[in-house]
Amino acid sequence: MTLCLDLRLGLPAAPPDATALTDGETSLTYADLHHLVAHEATALRRDGVGPGALVPLPSPERRTAATIVRLLAILAAGAAFTPVPPGAESGSIIGEIVADRTAWPGHLSPLPAPAYVLSTSGSTGPAKHTVVTREGLRGVFGGLYARFHGHLPPLAVWTQAHPLTFGFSICEVLGSLTFGGTLALVEREDPVTFAALSRRLSEEPGPQVVCLTPSELSVLMSTEDAPLPSHLLLSGEPAHRAPLREVFTRAGAAPPVVVNTYAATETCGQITADLVTPARLDAVLAGHVGRALTGVGVVLLGHADVPVPLDDTATEGEIAVRGATVSAGYLDRAVHEGKFTGTGPERAFRTGDRGRWAPDGGLVVTGRAERRVKLAGRWTALDAIERALTEDGCAAEAVAAVEEYAVGGATAGRLLVAVVPVEAARAGARAARAETAARVRRRVVRLLDGPVTVRTVVCEAIPRTAHGKTDLAALRRTPRAAPREPGVAGAVRGVWAELLGAGFSVDTNLFESGVDSLGVVAAAARLTDVLRREVSPAFLLDHPRIALQIEALTDRADRTAQGRPPVRQTHPGGSAADRRRAARRQAGTPVPPVHTEGVMQ
């Protein structure tokens, strides 16, 4: 079968009568599949489809055995495919290549034999059309087989649940063929519940290999009695987003074989891989992704792009991948040139991820470059915040993001958004949500150790992309607060809820809760707009508790309505100037010097 696909992995052939593919209605043995693929590949060649050609592959929501046969036949014909989801049209660049096989962009020349063109998932930026090569696939799947053929058994059932527009689906398809398994197509619900996958796992008595993103594993494990597969292959996201501790706890004395991988579409798939065991769990959740597969070159680019030595386990660098498993690159030349260098065996791809070497020679991924942000005056990895929240037991799952907010139409600053799920259906859910949000807020403020405005969002479920990853764009579209209550009290609480989300009360000291100076300015501007009278940052610094703000603003509104001047509020804790200086220190606002009896203090 591998010879038919021109992947030439040199692996033991599966028995001809073993089941290779099933969609629930049609089942094909390896002999059947080989015959159908060869027949369709011959027809494609007769129509002029061969090396250098790019063929659109319709990718229906309901995948069938015929879809997989078509995919394999295109590869067997020597051509490349590009998945086209229902109702979508090929992009202009892809359309030109489909119409004229010589229209491949010149910056990819000399073009290694392409296998498919796939758009990156877009989870970390705009999606980019990537040309994956046959040589790269041979390296990746040959490396996976060499590392794990003793752990992923032959004749196991490999489920195929991902859309073909997601590179992880190719791992399911070619992984099953590489290890001599049965590829079982599983219905994918929208939104994903994995009900069909759970049924399949319950009905399958033998070994099963299930490929999931860590976020998808969270979805599967959200059902208390969900069956566990005998073998799990994780990829696509940091492992800390997977409930791995729960997996091993629930499995008891018969834990599944768990393989965690670090991968990218631009590297034709897996870069590193490692077995996850209870003894290694802490390291995996902290970012350890194992050693590079055989034939995959990984380097850490430190200062001035000087490679970090393998014995330097303290210095971080940008992760770059070199060698034959690097894809040909992006179709868009402008984007390509910023990420890819060299040609042939010297091809290299800068991942944009940060990492360091582990003492065992493995790789620790510390986070993506765009997920390293400056908060509280220092660089912070958002992945580290997520890991801390889950490891401390604040939440079963957590997502951290940064959001910009504006004052007066101009960007004023950035706040940290911490999102955690809390089951909404259970009794006492409202109190549980408030308690969880408050606990998360306290933990994040302690982690940052400095003034940063934090919005905590409690939701029923973390939103996922169609590819099964955390949908950061959807999180940014999450409504900030419930409809505002009437009156001054409702307006004040509503404005702070917009800024801070959940996990605070009217007795909360805002500055002890991390609100920074830009957050104070934003809140003052928003209160001025909502109440239609000026509320200054100095007023908020004088009234650090929401209850005090409501009291003062309500009195001001009542007295203004009666034509009387507002009463100046007095509160314990020193003069207004003293309280303001203390609040400014907590909020990170520069405090002007005070002159007392001619002496600067």
# chains A, B, ... in the order shown; residues from 1 in each chain; ligands from 1
>>> select_by_dssp(residues="range 199-374 of chain A", states="alpha helix (DSSP H)", output="number ranges by chain")
A: 199-203, 214-221, 244-251, 281-285, 333-336
>>> write_last_selection(atoms="C-alpha atoms", output="PDB file, in the first residue's frame")
ATOM      1  CA  ARG A 199     -20.166   5.102  20.814  1.00  0.00           C
ATOM      2  CA  ARG A 200     -17.395   3.808  18.582  1.00  0.00           C
ATOM      3  CA  LEU A 201     -15.031   3.358  21.523  1.00  0.00           C
ATOM      4  CA  SER A 202     -17.708   1.553  23.509  1.00  0.00           C
ATOM      5  CA  GLU A 203     -18.431  -0.834  20.651  1.00  0.00           C
ATOM      6  CA  PRO A 214      -5.716  18.554  24.084  1.00  0.00           C
ATOM      7  CA  SER A 215      -8.869  20.700  23.955  1.00  0.00           C
ATOM      8  CA  GLU A 216     -10.743  17.863  22.265  1.00  0.00           C
ATOM      9  CA  LEU A 217      -9.639  15.465  24.979  1.00  0.00           C
ATOM     10  CA  SER A 218     -11.236  17.876  27.464  1.00  0.00           C
ATOM     11  CA  VAL A 219     -14.495  17.616  25.520  1.00  0.00           C
ATOM     12  CA  LEU A 220     -14.324  13.810  25.454  1.00  0.00           C
ATOM     13  CA  MET A 221     -13.577  13.647  29.177  1.00  0.00           C
ATOM     14  CA  LEU A 244      -4.240  14.212  31.566  1.00  0.00           C
ATOM     15  CA  ARG A 245      -4.302  13.787  35.338  1.00  0.00           C
ATOM     16  CA  GLU A 246      -7.966  12.861  35.109  1.00  0.00           C
ATOM     17  CA  VAL A 247      -7.205  10.427  32.279  1.00  0.00           C
ATOM     18  CA  PHE A 248      -4.736   8.462  34.402  1.00  0.00           C
ATOM     19  CA  THR A 249      -6.934   8.682  37.505  1.00  0.00           C
ATOM     20  CA  ARG A 250     -10.011   7.417  35.689  1.00  0.00           C
ATOM     21  CA  ALA A 251      -8.102   4.647  33.939  1.00  0.00           C
ATOM     22  CA  LEU A 281       3.194  13.977  33.741  1.00  0.00           C
ATOM     23  CA  ASP A 282       4.484  17.070  35.539  1.00  0.00           C
ATOM     24  CA  ALA A 283       7.190  17.596  32.934  1.00  0.00           C
ATOM     25  CA  VAL A 284       4.737  17.142  30.045  1.00  0.00           C
ATOM     26  CA  LEU A 285       2.262  19.624  31.526  1.00  0.00           C
ATOM     27  CA  ARG A 333       5.812  34.856  -1.206  1.00  0.00           C
ATOM     28  CA  ALA A 334       5.744  37.804   1.214  1.00  0.00           C
ATOM     29  CA  VAL A 335       4.742  35.576   4.132  1.00  0.00           C
ATOM     30  CA  HIS A 336       7.064  32.765   3.018  1.00  0.00           C
TER      31      HIS A 336
END
>>> residues_around(residues="Ala384 in chain A", least_positions_apart="6", cutoff="10 Å", atoms="only C-alpha atoms", output="mmCIF file with all heavy atoms, in the first residue's frame")
data_model
loop_
_atom_site.group_PDB
_atom_site.id
_atom_site.type_symbol
_atom_site.label_atom_id
_atom_site.label_comp_id
_atom_site.auth_asym_id
_atom_site.auth_seq_id
_atom_site.Cartn_x
_atom_site.Cartn_y
_atom_site.Cartn_z
ATOM 1 N N HIS A 240 -0.962 21.071 28.411
ATOM 2 C CA HIS A 240 -1.634 21.461 29.657
ATOM 3 C C HIS A 240 -3.116 21.745 29.444
ATOM 4 O O HIS A 240 -3.862 21.843 30.422
ATOM 5 C CB HIS A 240 -0.938 22.677 30.284
ATOM 6 C CG HIS A 240 -1.114 23.956 29.512
ATOM 7 N ND1 HIS A 240 -0.140 24.465 28.686
ATOM 8 C CD2 HIS A 240 -2.141 24.838 29.442
ATOM 9 C CE1 HIS A 240 -0.552 25.592 28.156
ATOM 10 N NE2 HIS A 240 -1.764 25.843 28.587
ATOM 11 N N LEU A 285 3.152 18.487 31.323
ATOM 12 C CA LEU A 285 2.262 19.624 31.526
ATOM 13 C C LEU A 285 3.031 20.941 31.593
ATOM 14 O O LEU A 285 2.460 22.004 31.345
ATOM 15 C CB LEU A 285 1.436 19.423 32.790
ATOM 16 C CG LEU A 285 0.461 18.246 32.761
ATOM 17 C CD1 LEU A 285 -0.252 18.090 34.090
ATOM 18 C CD2 LEU A 285 -0.562 18.421 31.632
ATOM 19 N N ALA A 286 4.306 20.867 31.909
ATOM 20 C CA ALA A 286 5.151 22.069 31.953
ATOM 21 C C ALA A 286 5.756 22.403 30.589
ATOM 22 O O ALA A 286 6.524 23.362 30.484
ATOM 23 C CB ALA A 286 6.259 21.903 32.987
ATOM 24 N N GLY A 287 5.429 21.613 29.561
ATOM 25 C CA GLY A 287 5.879 21.949 28.207
ATOM 26 C C GLY A 287 6.866 20.998 27.579
ATOM 27 O O GLY A 287 7.281 21.201 26.436
ATOM 28 N N THR A 366 8.058 26.641 25.699
ATOM 29 C CA THR A 366 7.605 27.577 26.728
ATOM 30 C C THR A 366 6.492 28.483 26.246
ATOM 31 O O THR A 366 5.862 29.162 27.052
ATOM 32 C CB THR A 366 8.784 28.436 27.228
ATOM 33 O OG1 THR A 366 9.400 29.102 26.112
ATOM 34 C CG2 THR A 366 9.816 27.567 27.919
ATOM 35 N N GLY A 367 6.223 28.531 24.950
ATOM 36 C CA GLY A 367 5.099 29.321 24.445
ATOM 37 C C GLY A 367 5.405 29.951 23.112
ATOM 38 O O GLY A 367 6.561 30.064 22.701
ATOM 39 N N ARG A 371 2.330 34.810 22.198
ATOM 40 C CA ARG A 371 1.691 34.567 23.497
ATOM 41 C C ARG A 371 2.642 34.881 24.657
ATOM 42 O O ARG A 371 2.421 34.446 25.774
ATOM 43 C CB ARG A 371 1.170 33.133 23.567
ATOM 44 C CG ARG A 371 -0.090 32.952 22.724
ATOM 45 C CD ARG A 371 -0.684 31.564 22.818
ATOM 46 N NE ARG A 371 -1.011 31.127 24.155
ATOM 47 C CZ ARG A 371 -2.077 31.509 24.850
ATOM 48 N NH1 ARG A 371 -2.934 32.402 24.329
ATOM 49 N NH2 ARG A 371 -2.321 31.024 26.051
ATOM 50 N N ARG A 372 3.669 35.629 24.340
ATOM 51 C CA ARG A 372 4.545 36.198 25.367
ATOM 52 C C ARG A 372 4.308 37.698 25.360
ATOM 53 O O ARG A 372 4.620 38.383 24.383
ATOM 54 C CB ARG A 372 6.014 35.882 25.076
ATOM 55 C CG ARG A 372 6.373 34.429 25.280
ATOM 56 C CD ARG A 372 7.784 34.149 24.794
ATOM 57 N NE ARG A 372 8.764 35.000 25.449
ATOM 58 C CZ ARG A 372 9.324 34.722 26.642
ATOM 59 N NH1 ARG A 372 8.982 33.634 27.287
ATOM 60 N NH2 ARG A 372 10.220 35.534 27.162
ATOM 61 N N ALA A 400 -5.837 31.812 28.742
ATOM 62 C CA ALA A 400 -5.415 33.190 28.993
ATOM 63 C C ALA A 400 -5.195 33.887 27.660
ATOM 64 O O ALA A 400 -4.658 33.306 26.720
ATOM 65 C CB ALA A 400 -4.140 33.213 29.826
ATOM 66 N N LEU A 447 0.098 35.667 40.565
ATOM 67 C CA LEU A 447 1.067 35.219 39.569
ATOM 68 C C LEU A 447 1.779 36.398 38.923
ATOM 69 O O LEU A 447 2.996 36.365 38.706
ATOM 70 C CB LEU A 447 0.364 34.392 38.484
ATOM 71 C CG LEU A 447 0.001 32.951 38.822
ATOM 72 C CD1 LEU A 447 -0.920 32.384 37.747
ATOM 73 C CD2 LEU A 447 1.258 32.101 38.930
#
>>> closest_residue(among="A:Leu152, A:Leu108, A:Val364, A:Ala242", to="Arg347 in chain A", atoms="only C-alpha atoms")
A:Leu108
>>> atom_distance(atom1="CA of Gly167 in chain A", atom2="CA of Gly269 in chain A")
7.3 Å
>>> select_by_dssp(residues="range 259-381 of chain A", states="strand (DSSP E or B)", output="PyMOL selection string")
chain A and resi 259-264+269-276+288-292+297-301+307+317-322+329-330+340-341+348-357+363-368+372-375+378-381
